[in-house]
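The structure under discussion appears below in the form of structure tokens.
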Amino acid sequence: MSKAAGCRGFLHHVFDYETAKTLVIPHFGVGIVFRFTQLLVVLYVVGYVCVVQKGYQETDSVISTVTTKVKGFAYTNTSDMDPRMWDVADYVIPPQGDSSFFILTNLVVTPEQTQSHCPEVSIRTGLCENFSTTVKTCEVFSWCPLEVDTRLPKKALLAAAENFTVLIKNSITYPKFNFHGRNILPHVNSSYLAHCEFNRLTDPDCPIFRLKRIISEAEADFQEMAVKGGILGILIDWSCDLDWWAGKCLPKYSFRRLDSQNQDNDVAPGYNFRFAKFYKRADGVEERTLIKAYGIRFEVIVFGTAGKFGIVPAIVNLGAALSFLSLVCKKKKYYIKSKSGDAQNLTVANIFIRCPLLQTGLC
Amino acid sequence: MSKAAGCRGFLHHVFDYETAKTLVIPHFGVGIVFRFTQLLVVLYVVGYVCVVQKGYQETDSVISTVTTKVKGFAYTNTSDMDPRMWDVADYVIPPQGDSSFFILTNLVVTPEQTQSHCPEVSIRTGLCENFSTTVKTCEVFSWCPLEVDTRLPKKALLAAAENFTVLIKNSITYPKFNFHGRNILPHVNSSYLAHCEFNRLTDPDCPIFRLKRIISEAEADFQEMAVKGGILGILIDWSCDLDWWAGKCLPKYSFRRLDSQNQDNDVAPGYNFRFAKFYKRADGVEERTLIKAYGIRFEVIVFGTAGKFGIVPAIVNLGAALSFLSLVCKKKKYYIKSKSGDAQNLTVANIFIRCPLLQTGLC
Amino acid sequence: MSKAAGCRGFLHHVFDYETAKTLVIPHFGVGIVFRFTQLLVVLYVVGYVCVVQKGYQETDSVISTVTTKVKGFAYTNTSDMDPRMWDVADYVIPPQGDSSFFILTNLVVTPEQTQSHCPEVSIRTGLCENFSTTVKTCEVFSWCPLEVDTRLPKKALLAAAENFTVLIKNSITYPKFNFHGRNILPHVNSSYLAHCEFNRLTDPDCPIFRLKRIISEAEADFQEMAVKGGILGILIDWSCDLDWWAGKCLPKYSFRRLDSQNQDNDVAPGYNFRFAKFYKRADGVEERTLIKAYGIRFEVIVFGTAGKFGIVPAIVNLGAALSFLSLVCKKKKYYIKSKSGDAQNLTVANIFIRCPLLQTGLC
């Protein structure tokens, strides 16, 4: 072939406009079924994929920072202990106001322990050193006297802790969308904050929570939880739709007991830990007060996914839906008799009419 | 029908090759428009979806561990307090070098508190116990003497803290891609680390940060923040492209003030908390020093998403783009006059030429 | 045109059923190739996208809470220190049983420090105050005597820590799927928990871990790590398939050393921090014991992604795959001779037979 002819062939190949020949079947019944099925699929695409599932959105995960501040006093006066007033420096551990904080509600105190020898409380462990024939247990070198942790009060010592309040300050950001939010909303001012208390009906925007209330919202009982301790989650959900047509992005609070409530398969039901206060005697001997602290650990857990319109996910979801729309047709063996207007001069005795996707053989 | 005929019919059905009949329209003008629109869509797919948005990639979220170590000394000598040298064991709370650490910059000290009775500082709360007629306030049982927290110094006591430095060690992993990274890069050796200081221009790889510098990068003033405290975020972004053709995966540092700078709607502007040091007197009475600590809490926040080529997202994005490419054609009512070569012997008076997707009726 | 004719034209447009005309080529060889290629693509879609990559699933990230409880005693008796028994209140920092906890294994103790003047240990820093001609170093005002941290024992003081055990309690939730899980499985009861110890072969469900074992699983040596400290990650992977046909959702434990093992480019290899215990002398002077604590920091890192069948991702992946299936055909210039049955009466001299997608010109 000459070059000119080859060139012209190439140009034809590139610049010819090709489109599929379609066969139009003017049959009202088939058409109704066809259009109705199309409508269902379009409703699915628009209604479910777009509106409900928001398939057209890009997403981002939340980055958060939380500070907490507990307020409240408790007075105790028992036979075991001197009268005592407890404030935040006594019962909040650790004191820094992190997202995770523990409030002491019950305890076993073993004061004036020193490094010395003393009889063990029992012979369970079988570790014996200087065994004494007159004493029925082993003698150990330890912080003495040993702790007797069966003396746990049956009613929480700091039962008054149920009336303590905690102020939670939470700042979040969605870096991909450059969105910043705070749980202390713009309309909340100092005078409101000085007196308010969170209440889902009357004060849903107040970031000060009374412990008794949030524990009951978690369907737990404060006094029952306070005896042997537990863990309460304060969940702040910042899932938002950040498109301009959606509403404001606000946090949603919920409360959930996080430790096991099934006491059967728990080594140490509840929540407790031991810590010590160290002192020095006048003679230079180190002394400590061992405290087995039971209480409620509060964990402020912030989570959330933000969505915003994104070209790529929109195209992907729409493209996938379009592929499915083209599935909507049925294999028919159709005999076309010559009808008015359309498709004249095409007399076919046995045309297999298939969906475009039947090229793939899927239908 | 006989079995043989049925069998042959089935074989024909399975092994016949079906493809759509297309009508070729050798019209240059239409062809130009058609190809140009195709080019736009291809540029979008390749340029935007692939290169910019990296739609072909699988993603994974970062798992991180951080340790910190502060260095620095401060000397104070005020009328309220004895001359004192402060080191890390005095001003870093907690001392363990976690990702979140507090540096004390200002404080109100109430020493030698014991559990006893004393007059309240004011009658705000209205909680009165043994009311004394000669004293104009109520008497309370508490840690006495009570704290007077209005005595906060107007200038930060540990103003020298601005020159402290913090070494941040950060290890990350992307488990899905089995990728591990550290912010202390391979080329950074001990001698460099012993003297360097982070500087975006001259020393961007040094993981030792001077507090004054990072707070000014966050567009805040150290001395102003140090009076009533605040929260500073040290953000480490490990978002990376892990494909072999992309560059190295390196961390990107940024600094942001996380607490509210709008003082109007804040109960307790800044950041502070109370803690106590407990002592025992010679007579066995427990004594404590209450400290209301103001300072800057630093939070090292590590985040990031890694992307790497994945077959599934590549197919999904490409497939969706292909569906859109096939949208590129227009509904035309076309009268074909007999032209050279193509489509001979097809004389049609009124062929509706539609895009493949017009079967769906969308165009 | 009259209204009736226009109306009828519209009705025809809406309710006519259009489908592509396909050309059936009864060629066995082409058919075989075509069907085989289709089979490959279908296998890819079903086998890889669906089964391996689970492309049809929606995903969610895990929200987790962890508590830990260490058990164990250690006895030390060195020339530097009095005989001492160490329990959890002595060596676990912080004591609250968080997901991140430090176990002291080695230390440098500087007791009885007070705020006073003393000679510096060296003249490295060059900070001199009252320089004395008879003393070859500078005098400083500091917590005196100064720490001499070169006296670190070459063998870990609390070498016995390798036999300590830690009970890890972990609750997780996938909020999108309302799934809750605990690492203490339902079949694990109190009596089992009282004595068991994690072992991958014999006791994979026991949540009590011996430190020596988990550090060796991380391919590290406890005694070597205990001298200068280190960081160990206890990773709990909750990645699960939550569909009803998948198995139970169980946690997978793994252990990894997180600090740098390459000692060359590390300012302070290992892991250590300084803290103090504060005392008051009889004369009211504040005294402290400075402890430079070396040890192993354990970080319980919980991560995971859950997948569950979702309509939207299923549609998207399937739709994309369908688009690719329709790519499976080849451009052919085909001359149809009149064959039996199909496509009678269509005599075409030069029909370009193209794939549906050839309208786009991609093939």
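Ordering of the structure tokens sets the chain letters (A, B, ...); residue numbers start at 1 within each chain; ligands are numbered from 1 in the order shown.
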As a VMD selection string, which residues of segment 32-212 of chain A does DSSP assign to strand (DSSP E or B)? chain A and resid 57 to 61 63 to 71 74 to 76 84 to 86 92 to 93 100 to 119 139 to 144 165 to 174 179 to 182 199 203 208 to 210
Tell me which protein, DNA and RNA residues are within 12 Å of segment 135-151 of chain B, counting only C-alpha atoms, leaving out same-chain ones fewer than 4 positions away, and put them as number ranges by chain. A: 73-77, 83-90; B: 80, 106-131, 155, 228, 272-274, 276, 278, 286-294
Which residues come within 10 Å of Gly55 of chain A, counting only C-alpha atoms, excluding same-chain residues fewer than 5 positions away, as a PyMOL selection string? (chain A and resi 45-46+48-50+307+309-310+313-318) or (chain C and resi 312-313+316)
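Closest approach to chain A among B:His180, B:Lys248, B:Lys54, B:Lys71: B:Lys54, based on only C-alpha atoms.
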Measuring between only C-alpha atoms, which one of C:Phe102, C:Gly284, C:Arg210, C:Gly304 shows the shortest distance to Val62 of chain B? C:Gly304
Find, counting only C-alpha atoms, the residue in B:Ser79, B:Thr105, B:Thr68, B:Asn189 that gets nearest to chain C.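 For chain C, the nearest of the candidates is B:Asn189.
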